[in-house]
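One file, coords38.cif, carrying mmCIF, N, CA and C atoms; chains and numbers go by the auth columns:
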```cif
data_my_file
loop_
_atom_site.group_PDB
_atom_site.id
_atom_site.type_symbol
_atom_site.label_atom_id
_atom_site.label_comp_id
_atom_site.label_asym_id
_atom_site.label_seq_id
_atom_site.Cartn_x
_atom_site.Cartn_y
_atom_site.Cartn_z
_atom_site.B_iso_or_equiv
_atom_site.auth_seq_id
_atom_site.auth_asym_id
ATOM 1 N N MET A 1 3.330 15.459 -16.987 0.00 957 A
ATOM 2 C CA MET A 1 2.539 14.572 -17.821 0.00 957 A
ATOM 3 C C MET A 1 2.090 13.342 -17.041 0.00 957 A
ATOM 4 N N GLN A 2 2.917 12.849 -16.155 0.00 958 A
ATOM 5 C CA GLN A 2 2.565 11.646 -15.415 0.00 958 A
ATOM 6 C C GLN A 2 1.455 11.936 -14.398 0.00 958 A
ATOM 7 N N SER A 3 1.408 13.147 -13.853 0.00 959 A
ATOM 8 C CA SER A 3 0.340 13.464 -12.900 0.00 959 A
ATOM 9 C C SER A 3 -1.021 13.457 -13.593 0.00 959 A
ATOM 10 N N ARG A 4 -1.056 13.840 -14.870 0.00 960 A
ATOM 11 C CA ARG A 4 -2.307 13.785 -15.628 0.00 960 A
ATOM 12 C C ARG A 4 -2.764 12.331 -15.779 0.00 960 A
ATOM 13 N N THR A 5 -1.819 11.444 -16.047 0.00 961 A
ATOM 14 C CA THR A 5 -2.163 10.024 -16.189 0.00 961 A
ATOM 15 C C THR A 5 -2.675 9.456 -14.869 0.00 961 A
ATOM 16 N N LEU A 6 -2.054 9.840 -13.774 0.00 962 A
ATOM 17 C CA LEU A 6 -2.519 9.365 -12.466 0.00 962 A
ATOM 18 C C LEU A 6 -3.917 9.909 -12.156 0.00 962 A
ATOM 19 N N LEU A 7 -4.170 11.147 -12.517 0.00 963 A
ATOM 20 C CA LEU A 7 -5.493 11.723 -12.300 0.00 963 A
ATOM 21 C C LEU A 7 -6.541 10.994 -13.140 0.00 963 A
ATOM 22 N N GLN A 8 -6.220 10.703 -14.387 0.00 964 A
ATOM 23 C CA GLN A 8 -7.155 9.982 -15.245 0.00 964 A
ATOM 24 C C GLN A 8 -7.416 8.578 -14.705 0.00 964 A
ATOM 25 N N ALA A 9 -6.379 7.916 -14.218 0.00 965 A
ATOM 26 C CA ALA A 9 -6.543 6.578 -13.645 0.00 965 A
ATOM 27 C C ALA A 9 -7.412 6.635 -12.389 0.00 965 A
ATOM 28 N N ALA A 10 -7.226 7.667 -11.567 0.00 966 A
ATOM 29 C CA ALA A 10 -8.026 7.797 -10.345 0.00 966 A
ATOM 30 C C ALA A 10 -9.493 8.067 -10.682 0.00 966 A
ATOM 31 N N VAL A 11 -9.743 8.918 -11.660 0.00 967 A
ATOM 32 C CA VAL A 11 -11.122 9.210 -12.058 0.00 967 A
ATOM 33 C C VAL A 11 -11.766 7.961 -12.659 0.00 967 A
ATOM 34 N N PHE A 12 -11.019 7.222 -13.464 0.00 968 A
ATOM 35 C CA PHE A 12 -11.542 5.992 -14.054 0.00 968 A
ATOM 36 C C PHE A 12 -11.866 4.960 -12.967 0.00 968 A
ATOM 37 N N ALA A 13 -10.963 4.806 -11.995 0.00 969 A
ATOM 38 C CA ALA A 13 -11.206 3.856 -10.902 0.00 969 A
ATOM 39 C C ALA A 13 -12.438 4.258 -10.097 0.00 969 A
ATOM 40 N N LEU A 14 -12.602 5.552 -9.864 0.00 970 A
ATOM 41 C CA LEU A 14 -13.772 6.038 -9.136 0.00 970 A
ATOM 42 C C LEU A 14 -15.060 5.772 -9.927 0.00 970 A
ATOM 43 N N LEU A 15 -15.006 5.982 -11.220 0.00 971 A
ATOM 44 C CA LEU A 15 -16.169 5.722 -12.077 0.00 971 A
ATOM 45 C C LEU A 15 -16.526 4.238 -12.087 0.00 971 A
ATOM 46 N N VAL A 16 -15.525 3.377 -12.208 0.00 972 A
ATOM 47 C CA VAL A 16 -15.777 1.930 -12.199 0.00 972 A
ATOM 48 C C VAL A 16 -16.359 1.494 -10.857 0.00 972 A
ATOM 49 N N ALA A 17 -15.824 2.031 -9.763 0.00 973 A
ATOM 50 C CA ALA A 17 -16.345 1.680 -8.435 0.00 973 A
ATOM 51 C C ALA A 17 -17.795 2.133 -8.277 0.00 973 A
ATOM 52 N N ALA A 18 -18.112 3.342 -8.757 0.00 974 A
ATOM 53 C CA ALA A 18 -19.484 3.842 -8.652 0.00 974 A
ATOM 54 C C ALA A 18 -20.436 2.998 -9.491 0.00 974 A
ATOM 55 N N LEU A 19 -20.020 2.635 -10.702 0.00 975 A
ATOM 56 C CA LEU A 19 -20.871 1.795 -11.547 0.00 975 A
ATOM 57 C C LEU A 19 -21.035 0.399 -10.961 0.00 975 A
ATOM 58 N N ALA A 20 -19.976 -0.153 -10.370 0.00 976 A
ATOM 59 C CA ALA A 20 -20.076 -1.479 -9.742 0.00 976 A
ATOM 60 C C ALA A 20 -21.048 -1.434 -8.562 0.00 976 A
ATOM 61 N N TRP A 21 -20.991 -0.388 -7.753 0.00 977 A
ATOM 62 C CA TRP A 21 -21.916 -0.253 -6.632 0.00 977 A
ATOM 63 C C TRP A 21 -23.348 -0.129 -7.133 0.00 977 A
ATOM 64 N N LEU A 22 -23.536 0.624 -8.207 0.00 978 A
ATOM 65 C CA LEU A 22 -24.873 0.799 -8.770 0.00 978 A
ATOM 66 C C LEU A 22 -25.448 -0.528 -9.269 0.00 978 A
ATOM 67 N N VAL A 23 -24.617 -1.319 -9.925 0.00 979 A
ATOM 68 C CA VAL A 23 -25.078 -2.616 -10.434 0.00 979 A
ATOM 69 C C VAL A 23 -25.389 -3.565 -9.283 0.00 979 A
ATOM 70 N N ILE A 24 -24.498 -3.623 -8.297 0.00 980 A
ATOM 71 C CA ILE A 24 -24.700 -4.545 -7.174 0.00 980 A
ATOM 72 C C ILE A 24 -25.951 -4.177 -6.377 0.00 980 A
ATOM 73 N N SER A 25 -26.187 -2.876 -6.223 0.00 981 A
ATOM 74 C CA SER A 25 -27.337 -2.458 -5.422 0.00 981 A
ATOM 75 C C SER A 25 -28.665 -2.623 -6.162 0.00 981 A
ATOM 76 N N ASN A 26 -28.642 -2.685 -7.476 0.00 982 A
ATOM 77 C CA ASN A 26 -29.890 -2.779 -8.238 0.00 982 A
ATOM 78 C C ASN A 26 -30.158 -4.146 -8.850 0.00 982 A
ATOM 79 N N ALA A 27 -29.208 -5.054 -8.832 0.00 983 A
ATOM 80 C CA ALA A 27 -29.416 -6.379 -9.419 0.00 983 A
ATOM 81 C C ALA A 27 -30.269 -7.222 -8.471 0.00 983 A
ATOM 82 N N ASP A 28 -31.441 -7.634 -8.962 0.00 984 A
ATOM 83 C CA ASP A 28 -32.374 -8.390 -8.119 0.00 984 A
ATOM 84 C C ASP A 28 -32.373 -9.886 -8.426 0.00 984 A
ATOM 85 N N ALA A 29 -32.275 -10.233 -9.696 0.00 985 A
ATOM 86 C CA ALA A 29 -32.395 -11.634 -10.086 0.00 985 A
ATOM 87 C C ALA A 29 -31.203 -12.032 -10.951 0.00 985 A
ATOM 88 N N TRP A 30 -31.141 -13.313 -11.256 0.00 986 A
ATOM 89 C CA TRP A 30 -30.024 -13.811 -12.060 0.00 986 A
ATOM 90 C C TRP A 30 -30.061 -13.225 -13.462 0.00 986 A
ATOM 91 N N SER A 31 -31.248 -12.888 -13.953 0.00 987 A
ATOM 92 C CA SER A 31 -31.350 -12.332 -15.303 0.00 987 A
ATOM 93 C C SER A 31 -30.685 -10.957 -15.397 0.00 987 A
ATOM 94 N N ASP A 32 -30.701 -10.199 -14.309 0.00 988 A
ATOM 95 C CA ASP A 32 -29.991 -8.919 -14.294 0.00 988 A
ATOM 96 C C ASP A 32 -28.491 -9.131 -14.475 0.00 988 A
ATOM 97 N N TRP A 33 -27.972 -10.174 -13.829 0.00 989 A
ATOM 98 C CA TRP A 33 -26.538 -10.461 -13.939 0.00 989 A
ATOM 99 C C TRP A 33 -26.181 -10.942 -15.343 0.00 989 A
ATOM 100 N N VAL A 34 -27.070 -11.674 -15.986 0.00 990 A
ATOM 101 C CA VAL A 34 -26.821 -12.137 -17.352 0.00 990 A
ATOM 102 C C VAL A 34 -26.751 -10.949 -18.304 0.00 990 A
ATOM 103 N N VAL A 35 -27.677 -10.017 -18.152 0.00 991 A
ATOM 104 C CA VAL A 35 -27.671 -8.821 -19.002 0.00 991 A
ATOM 105 C C VAL A 35 -26.419 -7.997 -18.746 0.00 991 A
ATOM 106 N N PHE A 36 -26.052 -7.844 -17.489 0.00 992 A
ATOM 107 C CA PHE A 36 -24.844 -7.094 -17.150 0.00 992 A
ATOM 108 C C PHE A 36 -23.599 -7.757 -17.744 0.00 992 A
ATOM 109 N N ALA A 37 -23.515 -9.066 -17.658 0.00 993 A
ATOM 110 C CA ALA A 37 -22.369 -9.784 -18.233 0.00 993 A
ATOM 111 C C ALA A 37 -22.316 -9.616 -19.743 0.00 993 A
ATOM 112 N N ALA A 38 -23.467 -9.635 -20.400 0.00 994 A
ATOM 113 C CA ALA A 38 -23.496 -9.445 -21.850 0.00 994 A
ATOM 114 C C ALA A 38 -23.008 -8.046 -22.221 0.00 994 A
ATOM 115 N N ILE A 39 -23.400 -7.045 -21.452 0.00 995 A
ATOM 116 C CA ILE A 39 -22.949 -5.678 -21.721 0.00 995 A
ATOM 117 C C ILE A 39 -21.440 -5.555 -21.521 0.00 995 A
ATOM 118 N N VAL A 40 -20.926 -6.129 -20.449 0.00 996 A
ATOM 119 C CA VAL A 40 -19.488 -6.050 -20.164 0.00 996 A
ATOM 120 C C VAL A 40 -18.686 -6.775 -21.232 0.00 996 A
ATOM 121 N N LEU A 41 -19.105 -7.978 -21.605 0.00 997 A
ATOM 122 C CA LEU A 41 -18.366 -8.740 -22.613 0.00 997 A
ATOM 123 C C LEU A 41 -18.422 -8.076 -23.983 0.00 997 A
ATOM 124 N N THR A 42 -19.548 -7.460 -24.316 0.00 998 A
ATOM 125 C CA THR A 42 -19.649 -6.730 -25.578 0.00 998 A
ATOM 126 C C THR A 42 -18.708 -5.529 -25.592 0.00 998 A
ATOM 127 N N THR A 43 -18.621 -4.821 -24.480 0.00 999 A
ATOM 128 C CA THR A 43 -17.725 -3.669 -24.372 0.00 999 A
ATOM 129 C C THR A 43 -16.269 -4.097 -24.498 0.00 999 A
ATOM 130 N N ILE A 44 -15.894 -5.177 -23.847 0.00 1000 A
ATOM 131 C CA ILE A 44 -14.519 -5.675 -23.944 0.00 1000 A
ATOM 132 C C ILE A 44 -14.224 -6.128 -25.372 0.00 1000 A
ATOM 133 N N GLY A 45 -15.158 -6.803 -26.009 0.00 1001 A
ATOM 134 C CA GLY A 45 -14.961 -7.245 -27.389 0.00 1001 A
ATOM 135 C C GLY A 45 -14.820 -6.082 -28.352 0.00 1001 A
ATOM 136 N N ALA A 46 -15.618 -5.033 -28.154 0.00 1002 A
ATOM 137 C CA ALA A 46 -15.509 -3.855 -29.019 0.00 1002 A
ATOM 138 C C ALA A 46 -14.183 -3.137 -28.809 0.00 1002 A
ATOM 139 N N ALA A 47 -13.742 -3.045 -27.565 0.00 1003 A
ATOM 140 C CA ALA A 47 -12.462 -2.394 -27.291 0.00 1003 A
ATOM 141 C C ALA A 47 -11.311 -3.174 -27.913 0.00 1003 A
ATOM 142 N N ARG A 48 -11.397 -4.479 -27.872 0.00 1004 A
ATOM 143 C CA ARG A 48 -10.339 -5.301 -28.474 0.00 1004 A
ATOM 144 C C ARG A 48 -10.372 -5.214 -29.998 0.00 1004 A
ATOM 145 N N ALA A 49 -11.557 -5.082 -30.564 0.00 1005 A
ATOM 146 C CA ALA A 49 -11.690 -5.031 -32.019 0.00 1005 A
ATOM 147 C C ALA A 49 -11.125 -3.740 -32.592 0.00 1005 A
ATOM 148 N N VAL A 50 -11.256 -2.634 -31.888 0.00 1006 A
ATOM 149 C CA VAL A 50 -10.781 -1.364 -32.426 0.00 1006 A
ATOM 150 C C VAL A 50 -9.339 -1.058 -32.038 0.00 1006 A
ATOM 151 N N PHE A 51 -8.733 -1.884 -31.188 0.00 1007 A
ATOM 152 C CA PHE A 51 -7.351 -1.663 -30.780 0.00 1007 A
ATOM 153 C C PHE A 51 -6.414 -1.986 -31.932 0.00 1007 A
ATOM 154 N N THR A 52 -5.570 -1.036 -32.292 0.00 1008 A
ATOM 155 C CA THR A 52 -4.592 -1.276 -33.353 0.00 1008 A
ATOM 156 C C THR A 52 -3.199 -1.294 -32.758 0.00 1008 A
ATOM 157 N N ARG A 53 -2.431 -2.269 -33.155 0.00 1009 A
ATOM 158 C CA ARG A 53 -1.062 -2.366 -32.665 0.00 1009 A
ATOM 159 C C ARG A 53 -0.168 -1.464 -33.478 0.00 1009 A
ATOM 160 N N ARG A 54 0.763 -0.845 -32.813 0.00 1010 A
ATOM 161 C CA ARG A 54 1.703 0.029 -33.509 0.00 1010 A
ATOM 162 C C ARG A 54 2.892 -0.758 -34.038 0.00 1010 A
ATOM 163 N N TYR A 55 3.208 -1.846 -33.386 0.00 1011 A
ATOM 164 C CA TYR A 55 4.373 -2.623 -33.757 0.00 1011 A
ATOM 165 C C TYR A 55 3.976 -4.086 -33.900 0.00 1011 A
ATOM 166 N N PRO A 56 4.644 -4.821 -34.755 0.00 1012 A
ATOM 167 C CA PRO A 56 4.307 -6.248 -34.872 0.00 1012 A
ATOM 168 C C PRO A 56 4.703 -6.993 -33.600 0.00 1012 A
ATOM 169 N N THR A 57 3.997 -8.074 -33.335 0.00 1013 A
ATOM 170 C CA THR A 57 4.276 -8.826 -32.115 0.00 1013 A
ATOM 171 C C THR A 57 5.525 -9.685 -32.255 0.00 1013 A
ATOM 172 N N LYS A 58 5.839 -10.103 -33.461 0.00 1014 A
ATOM 173 C CA LYS A 58 7.045 -10.894 -33.675 0.00 1014 A
ATOM 174 C C LYS A 58 8.143 -10.000 -34.239 0.00 1014 A
ATOM 175 N N ARG A 59 9.327 -10.480 -34.290 0.00 1015 A
ATOM 176 C CA ARG A 59 10.442 -9.684 -34.799 0.00 1015 A
ATOM 177 C C ARG A 59 10.456 -9.722 -36.317 0.00 1015 A
ATOM 178 N N ARG A 60 9.607 -8.899 -36.893 0.00 1016 A
ATOM 179 C CA ARG A 60 9.536 -8.782 -38.340 0.00 1016 A
ATOM 180 C C ARG A 60 9.668 -7.316 -38.710 0.00 1016 A
ATOM 181 N N THR A 61 10.136 -7.052 -39.893 0.00 1017 A
ATOM 182 C CA THR A 61 10.240 -5.674 -40.342 0.00 1017 A
ATOM 183 C C THR A 61 8.962 -5.282 -41.065 0.00 1017 A
ATOM 184 N N PHE A 62 8.692 -4.000 -41.060 0.00 1018 A
ATOM 185 C CA PHE A 62 7.552 -3.493 -41.803 0.00 1018 A
ATOM 186 C C PHE A 62 7.887 -3.468 -43.281 0.00 1018 A
ATOM 187 N N ILE A 63 6.959 -3.909 -44.101 0.00 1019 A
ATOM 188 C CA ILE A 63 7.126 -3.864 -45.547 0.00 1019 A
ATOM 189 C C ILE A 63 6.094 -2.887 -46.086 0.00 1019 A
ATOM 190 N N ARG A 64 6.553 -1.885 -46.832 0.00 1020 A
ATOM 191 C CA ARG A 64 5.650 -0.842 -47.298 0.00 1020 A
ATOM 192 C C ARG A 64 5.183 -1.055 -48.730 0.00 1020 A
ATOM 193 N N HIS A 65 5.548 -2.134 -49.367 0.00 1021 A
ATOM 194 C CA HIS A 65 5.119 -2.386 -50.734 0.00 1021 A
ATOM 195 C C HIS A 65 4.464 -3.767 -50.788 0.00 1021 A
ATOM 196 N N SER A 66 3.845 -4.050 -51.892 0.00 1022 A
ATOM 197 C CA SER A 66 3.115 -5.305 -51.991 0.00 1022 A
ATOM 198 C C SER A 66 3.881 -6.394 -52.721 0.00 1022 A
ATOM 199 N N GLU A 67 5.120 -6.135 -53.063 0.00 1023 A
ATOM 200 C CA GLU A 67 5.922 -7.155 -53.742 0.00 1023 A
ATOM 201 C C GLU A 67 6.421 -8.173 -52.718 0.00 1023 A
ATOM 202 N N PRO A 68 6.641 -9.409 -53.162 0.00 1024 A
ATOM 203 C CA PRO A 68 7.171 -10.402 -52.222 0.00 1024 A
ATOM 204 C C PRO A 68 8.622 -10.045 -51.858 0.00 1024 A
ATOM 205 N N PRO A 69 9.054 -10.442 -50.681 0.00 1025 A
ATOM 206 C CA PRO A 69 10.433 -10.142 -50.278 0.00 1025 A
ATOM 207 C C PRO A 69 11.444 -10.869 -51.184 0.00 1025 A
ATOM 208 N N PRO A 70 12.603 -10.309 -51.357 0.00 1026 A
ATOM 209 C CA PRO A 70 13.597 -10.967 -52.216 0.00 1026 A
ATOM 210 C C PRO A 70 14.101 -12.257 -51.586 0.00 1026 A
ATOM 211 N N ARG A 71 14.405 -13.240 -52.427 0.00 1027 A
ATOM 212 C CA ARG A 71 14.920 -14.527 -51.937 0.00 1027 A
ATOM 213 C C ARG A 71 16.408 -14.430 -51.760 0.00 1027 A
ATOM 214 N N GLU A 72 16.850 -15.057 -50.716 0.00 1028 A
ATOM 215 C CA GLU A 72 18.292 -15.034 -50.428 0.00 1028 A
ATOM 216 C C GLU A 72 18.943 -16.334 -50.765 0.00 1028 A
#
```
Please rewrite the model in this file as structure tokens.
Amino acid sequence: MQSRTLLQAAVFALLVAALAWLVISNADAWSDWVVFAAIVLTTIGAARAVFTRRYPTKRRTFIRHSEPPPRE
């Protein structure tokens, strides 16, 4: 299973390197870089928006009902 993950990481790194070379070789003016930055930031924002956490970040328990917790 780990070799599959390494292969996926290698293919992803190769894809990112190829896309970076393509952008660097074709960017002529500052406006090209602005458009590229907007595309990259939009992609990062979308990836962050759809990311769901499996566990809470703080030490809290999951509550499966909508009633308030009992008072102690």
Hey, can I get the axis-aligned box for region 995-1014 of chain A? All listed atoms, 4 Å padding on each side, centre and edge lengths in Å to one decimal, as AutoDock Vina command-line options.
```
--center_x -7.6 --center_y -5.4 --center_z -27.5 --size_x 39.5 --size_y 18.9 --size_z 22.7
```
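Atom pair CA of Ala969 (chain A) / CA of Val990 (chain A) has a distance of 23.3 Å (rounded to one decimal).
The interatomic distance for the pair CA of Ser959 (chain A) and atom N of Leu971 (chain A) works out to 17.2 Å.
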**OP:** Apply DSSP to the backbone of this structure and, from chain A, keep only the residues in alpha helix (DSSP H); write these as a PyMOL selection string.
**Re:** chain A and resi 958-982+986-1006
